[in-house]
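Everything below concerns the one structure shown next.
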Amino acid sequence: MSIAQRGLFIGNRGIIHDPATKTLLGRRWTTKAWLICVLDYKGRHREVMGGRSWTELFFLDEAVALAAGHRPCFFCRRAAAEAFRTAWGKAKGGQAPSAPEMDAVLHEERLDRGRKRVHAITGPIAELPDGP
């Protein structure tokens, strides 16, 4: 599905595309660190699916990226990542965790017995409101 709005963030789940054909592969991640990055960082430009580097995923906003299981990047979004980490520590009643500790927990929550967790929609879809 395509929408006219432009996304505010880019996501990273590792290399999940074929650089020769620029098509997605069957796998949906190659790393536990699913990041939310800014689109523009110090003037750097990436060609989408341009090579053997991570596959660009685009998010309309941070809420969508967080709902997809990503966390803020400590490289390009340091303040947001630190706030996320601090909130995590407070919510869990302990110290602010390291990025790999958060990634391990988030990754485990994405899985159901080692496979991608699938969420079923319950209730009649007809009851969902139309978007704007």
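Here, A, B, ... name the chains of the structure tokens in the order displayed, residue numbers run from 1 inside each chain, and ligands are numbered from 1 in the same displayed order.
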Quick one: everything within 10 Å of Ile16 (chain A), counting only C-alpha atoms, minus sequence neighbours fewer than 2 positions away in the same chain. Send it as a PyMOL selection string.
-> chain A and resi 12-14+18-19+22-31+49+52-56
Saved selection, atoms kept: N, CA, C and O atoms, as a PDB file, in the first residue's frame:
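Everything below was put into out_15.pdb:
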```pdb
ATOM      1  N   ASN A  12      16.022   0.009  10.668  1.00  0.00           N
ATOM      2  CA  ASN A  12      17.090  -0.914  10.298  1.00  0.00           C
ATOM      3  C   ASN A  12      16.859  -2.241  11.005  1.00  0.00           C
ATOM      4  O   ASN A  12      16.707  -2.276  12.220  1.00  0.00           O
ATOM      5  N   ARG A  13      16.807  -3.328  10.247  1.00  0.00           N
ATOM      6  CA  ARG A  13      16.722  -4.685  10.792  1.00  0.00           C
ATOM      7  C   ARG A  13      17.838  -5.563  10.235  1.00  0.00           C
ATOM      8  O   ARG A  13      17.762  -6.778  10.292  1.00  0.00           O
ATOM      9  N   GLY A  14      18.836  -4.931   9.645  1.00  0.00           N
ATOM     10  CA  GLY A  14      19.929  -5.673   9.019  1.00  0.00           C
ATOM     11  C   GLY A  14      19.701  -5.775   7.515  1.00  0.00           C
ATOM     12  O   GLY A  14      18.910  -5.046   6.932  1.00  0.00           O
ATOM     13  N   ASP A  18      17.923  -8.364  -1.556  1.00  0.00           N
ATOM     14  CA  ASP A  18      18.908  -8.799  -2.545  1.00  0.00           C
ATOM     15  C   ASP A  18      19.380  -7.545  -3.265  1.00  0.00           C
ATOM     16  O   ASP A  18      18.593  -6.887  -3.949  1.00  0.00           O
ATOM     17  N   PRO A  19      20.666  -7.169  -3.127  1.00  0.00           N
ATOM     18  CA  PRO A  19      21.127  -5.917  -3.741  1.00  0.00           C
ATOM     19  C   PRO A  19      21.080  -5.936  -5.269  1.00  0.00           C
ATOM     20  O   PRO A  19      20.934  -4.884  -5.882  1.00  0.00           O
ATOM     21  N   LYS A  22      17.147  -5.633  -5.797  1.00  0.00           N
ATOM     22  CA  LYS A  22      16.492  -4.664  -4.910  1.00  0.00           C
ATOM     23  C   LYS A  22      15.101  -5.143  -4.488  1.00  0.00           C
ATOM     24  O   LYS A  22      14.146  -4.377  -4.446  1.00  0.00           O
ATOM     25  N   THR A  23      15.017  -6.413  -4.173  1.00  0.00           N
ATOM     26  CA  THR A  23      13.771  -6.993  -3.682  1.00  0.00           C
ATOM     27  C   THR A  23      14.013  -7.575  -2.295  1.00  0.00           C
ATOM     28  O   THR A  23      15.126  -7.997  -1.972  1.00  0.00           O
ATOM     29  N   LEU A  24      12.946  -7.595  -1.496  1.00  0.00           N
ATOM     30  CA  LEU A  24      13.058  -8.145  -0.152  1.00  0.00           C
ATOM     31  C   LEU A  24      13.203  -9.660  -0.210  1.00  0.00           C
ATOM     32  O   LEU A  24      12.629 -10.317  -1.073  1.00  0.00           O
ATOM     33  N   LEU A  25      13.962 -10.182   0.725  1.00  0.00           N
ATOM     34  CA  LEU A  25      14.139 -11.621   0.859  1.00  0.00           C
ATOM     35  C   LEU A  25      13.057 -12.168   1.787  1.00  0.00           C
ATOM     36  O   LEU A  25      12.254 -11.420   2.331  1.00  0.00           O
ATOM     37  N   GLY A  26      13.070 -13.456   2.014  1.00  0.00           N
ATOM     38  CA  GLY A  26      12.094 -14.077   2.894  1.00  0.00           C
ATOM     39  C   GLY A  26      12.316 -13.742   4.356  1.00  0.00           C
ATOM     40  O   GLY A  26      11.374 -13.681   5.139  1.00  0.00           O
ATOM     41  N   ARG A  27      13.564 -13.503   4.742  1.00  0.00           N
ATOM     42  CA  ARG A  27      13.829 -13.173   6.153  1.00  0.00           C
ATOM     43  C   ARG A  27      13.414 -11.738   6.439  1.00  0.00           C
ATOM     44  O   ARG A  27      13.462 -10.879   5.571  1.00  0.00           O
ATOM     45  N   ARG A  28      13.021 -11.493   7.673  1.00  0.00           N
ATOM     46  CA  ARG A  28      12.546 -10.169   8.055  1.00  0.00           C
ATOM     47  C   ARG A  28      13.485  -9.449   9.004  1.00  0.00           C
ATOM     48  O   ARG A  28      13.232  -8.325   9.385  1.00  0.00           O
ATOM     49  N   TRP A  29      14.579 -10.101   9.413  1.00  0.00           N
ATOM     50  CA  TRP A  29      15.607  -9.457  10.220  1.00  0.00           C
ATOM     51  C   TRP A  29      16.869 -10.297  10.174  1.00  0.00           C
ATOM     52  O   TRP A  29      16.825 -11.490   9.922  1.00  0.00           O
ATOM     53  N   THR A  30      17.999  -9.652  10.399  1.00  0.00           N
ATOM     54  CA  THR A  30      19.280 -10.358  10.527  1.00  0.00           C
ATOM     55  C   THR A  30      20.015  -9.920  11.783  1.00  0.00           C
ATOM     56  O   THR A  30      21.132 -10.336  12.011  1.00  0.00           O
ATOM     57  N   THR A  31      19.381  -9.065  12.556  1.00  0.00           N
ATOM     58  CA  THR A  31      19.970  -8.573  13.786  1.00  0.00           C
ATOM     59  C   THR A  31      18.865  -8.362  14.814  1.00  0.00           C
ATOM     60  O   THR A  31      17.706  -8.127  14.445  1.00  0.00           O
ATOM     61  N   MET A  49      18.308   0.256  -0.822  1.00  0.00           N
ATOM     62  CA  MET A  49      18.708  -1.104  -1.200  1.00  0.00           C
ATOM     63  C   MET A  49      19.875  -1.080  -2.182  1.00  0.00           C
ATOM     64  O   MET A  49      19.950  -1.875  -3.103  1.00  0.00           O
ATOM     65  N   ARG A  52      25.306  -4.181  -0.320  1.00  0.00           N
ATOM     66  CA  ARG A  52      25.323  -5.163   0.777  1.00  0.00           C
ATOM     67  C   ARG A  52      25.434  -4.435   2.101  1.00  0.00           C
ATOM     68  O   ARG A  52      26.405  -4.566   2.838  1.00  0.00           O
ATOM     69  N   SER A  53      24.453  -3.639   2.386  1.00  0.00           N
ATOM     70  CA  SER A  53      24.363  -2.922   3.641  1.00  0.00           C
ATOM     71  C   SER A  53      22.940  -3.094   4.137  1.00  0.00           C
ATOM     72  O   SER A  53      22.126  -3.716   3.477  1.00  0.00           O
ATOM     73  N   TRP A  54      22.625  -2.522   5.274  1.00  0.00           N
ATOM     74  CA  TRP A  54      21.299  -2.722   5.837  1.00  0.00           C
ATOM     75  C   TRP A  54      20.206  -2.224   4.907  1.00  0.00           C
ATOM     76  O   TRP A  54      20.405  -1.337   4.094  1.00  0.00           O
ATOM     77  N   THR A  55      19.031  -2.838   5.053  1.00  0.00           N
ATOM     78  CA  THR A  55      17.863  -2.521   4.232  1.00  0.00           C
ATOM     79  C   THR A  55      17.063  -1.404   4.889  1.00  0.00           C
ATOM     80  O   THR A  55      16.721  -1.484   6.059  1.00  0.00           O
ATOM     81  N   GLU A  56      16.774  -0.377   4.129  1.00  0.00           N
ATOM     82  CA  GLU A  56      16.034   0.768   4.631  1.00  0.00           C
ATOM     83  C   GLU A  56      14.548   0.438   4.758  1.00  0.00           C
ATOM     84  O   GLU A  56      13.931  -0.050   3.814  1.00  0.00           O
TER      85      GLU A  56
END
```
DSSP on the backbone: what in region 25-116 of chain A comes out strand (DSSP E or B), as an MDAnalysis selection string?
-> chainID A and resid 35:38 56:59 71:72 111:112 115:116
For the residues in that selection, give me N, CA, C and O atoms as a PDB file, in the first residue's frame.
```pdb
ATOM      1  N   LEU A  35      16.455  -0.613  14.787  1.00  0.00           N
ATOM      2  CA  LEU A  35      16.673   0.793  15.132  1.00  0.00           C
ATOM      3  C   LEU A  35      15.709   1.740  14.435  1.00  0.00           C
ATOM      4  O   LEU A  35      15.226   1.456  13.349  1.00  0.00           O
ATOM      5  N   ILE A  36      15.486   2.884  15.093  1.00  0.00           N
ATOM      6  CA  ILE A  36      14.748   4.007  14.509  1.00  0.00           C
ATOM      7  C   ILE A  36      15.773   5.122  14.324  1.00  0.00           C
ATOM      8  O   ILE A  36      16.316   5.645  15.292  1.00  0.00           O
ATOM      9  N   CYS A  37      16.038   5.474  13.076  1.00  0.00           N
ATOM     10  CA  CYS A  37      17.040   6.495  12.758  1.00  0.00           C
ATOM     11  C   CYS A  37      16.382   7.688  12.075  1.00  0.00           C
ATOM     12  O   CYS A  37      15.273   7.591  11.551  1.00  0.00           O
ATOM     13  N   VAL A  38      17.088   8.810  12.069  1.00  0.00           N
ATOM     14  CA  VAL A  38      16.605   9.990  11.357  1.00  0.00           C
ATOM     15  C   VAL A  38      16.849   9.793   9.859  1.00  0.00           C
ATOM     16  O   VAL A  38      17.747   9.061   9.451  1.00  0.00           O
ATOM     17  N   GLU A  56      16.774  -0.377   4.129  1.00  0.00           N
ATOM     18  CA  GLU A  56      16.034   0.768   4.631  1.00  0.00           C
ATOM     19  C   GLU A  56      14.548   0.438   4.758  1.00  0.00           C
ATOM     20  O   GLU A  56      13.931  -0.050   3.814  1.00  0.00           O
ATOM     21  N   LEU A  57      13.992   0.713   5.925  1.00  0.00           N
ATOM     22  CA  LEU A  57      12.557   0.605   6.173  1.00  0.00           C
ATOM     23  C   LEU A  57      12.106   1.997   6.592  1.00  0.00           C
ATOM     24  O   LEU A  57      12.801   2.670   7.346  1.00  0.00           O
ATOM     25  N   PHE A  58      10.961   2.449   6.118  1.00  0.00           N
ATOM     26  CA  PHE A  58      10.528   3.808   6.412  1.00  0.00           C
ATOM     27  C   PHE A  58       9.294   3.800   7.303  1.00  0.00           C
ATOM     28  O   PHE A  58       8.391   2.994   7.116  1.00  0.00           O
ATOM     29  N   PHE A  59       9.277   4.724   8.277  1.00  0.00           N
ATOM     30  CA  PHE A  59       8.182   4.834   9.222  1.00  0.00           C
ATOM     31  C   PHE A  59       7.585   6.226   9.161  1.00  0.00           C
ATOM     32  O   PHE A  59       8.319   7.210   9.149  1.00  0.00           O
ATOM     33  N   ARG A  71      13.628   0.488  18.376  1.00  0.00           N
ATOM     34  CA  ARG A  71      13.990   1.421  19.451  1.00  0.00           C
ATOM     35  C   ARG A  71      14.837   2.536  18.848  1.00  0.00           C
ATOM     36  O   ARG A  71      15.458   2.360  17.789  1.00  0.00           O
ATOM     37  N   PRO A  72      14.903   3.700  19.504  1.00  0.00           N
ATOM     38  CA  PRO A  72      15.721   4.801  18.980  1.00  0.00           C
ATOM     39  C   PRO A  72      17.209   4.420  18.892  1.00  0.00           C
ATOM     40  O   PRO A  72      17.736   3.701  19.736  1.00  0.00           O
ATOM     41  N   LEU A 111       9.070 -12.814  19.181  1.00  0.00           N
ATOM     42  CA  LEU A 111       9.043 -14.223  18.800  1.00  0.00           C
ATOM     43  C   LEU A 111       8.005 -15.028  19.571  1.00  0.00           C
ATOM     44  O   LEU A 111       7.640 -14.695  20.690  1.00  0.00           O
ATOM     45  N   ASP A 112       7.577 -16.101  18.954  1.00  0.00           N
ATOM     46  CA  ASP A 112       6.701 -17.088  19.571  1.00  0.00           C
ATOM     47  C   ASP A 112       7.337 -18.445  19.284  1.00  0.00           C
ATOM     48  O   ASP A 112       7.294 -18.924  18.154  1.00  0.00           O
ATOM     49  N   ARG A 115       9.845 -18.324  16.379  1.00  0.00           N
ATOM     50  CA  ARG A 115       9.336 -17.848  15.098  1.00  0.00           C
ATOM     51  C   ARG A 115       8.678 -16.488  15.289  1.00  0.00           C
ATOM     52  O   ARG A 115       8.293 -16.124  16.395  1.00  0.00           O
ATOM     53  N   LYS A 116       8.510 -15.777  14.190  1.00  0.00           N
ATOM     54  CA  LYS A 116       7.877 -14.459  14.253  1.00  0.00           C
ATOM     55  C   LYS A 116       6.496 -14.570  14.898  1.00  0.00           C
ATOM     56  O   LYS A 116       5.693 -15.416  14.525  1.00  0.00           O
TER      57      LYS A 116
END
```
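Remark: for Phe74 (chain A), the closest of the candidate residues A:Leu8, A:Arg110, A:Lys32, A:Ser98 is A:Ser98 (distances computed over only C-alpha atoms).
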What separation in Å, quoted to one decimal, exists between CA of Arg44 (chain A) and CA of Ala67 (chain A)?
->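 Distance reported for this atom pair: 26.7 Å.
For the residues A:Gly69, A:Gly50, A:Gly43, A:Pro97, ranking by smallest atom-to-atom distance to Glu82 (chain A) using only C-alpha atoms places A:Pro97 first.
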What are the DSSP helix (DSSP H, G or I) residues of chain A, as JSON, numbers by chain?
-> {"A": [62, 63, 64, 65, 66, 67, 78, 79, 80, 81, 82, 83, 84, 85, 86, 87, 88, 89, 90, 91, 92, 99, 100, 101, 102, 103, 104, 105, 106, 107, 108, 109, 110, 125, 126, 127]}
Near Met102 (chain A), within 9 Å and counting only C-alpha atoms, which residues show up once chain neighbours fewer than 3 positions away are dropped, as a VMD selection string?
-> chain A and resid 33 71 85 88 97 to 99 105 to 107
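Closest to Cys73 (chain A) among A:Asp61, A:Glu108, A:Glu47, A:Asp103 is A:Asp103, based on only C-alpha atoms.
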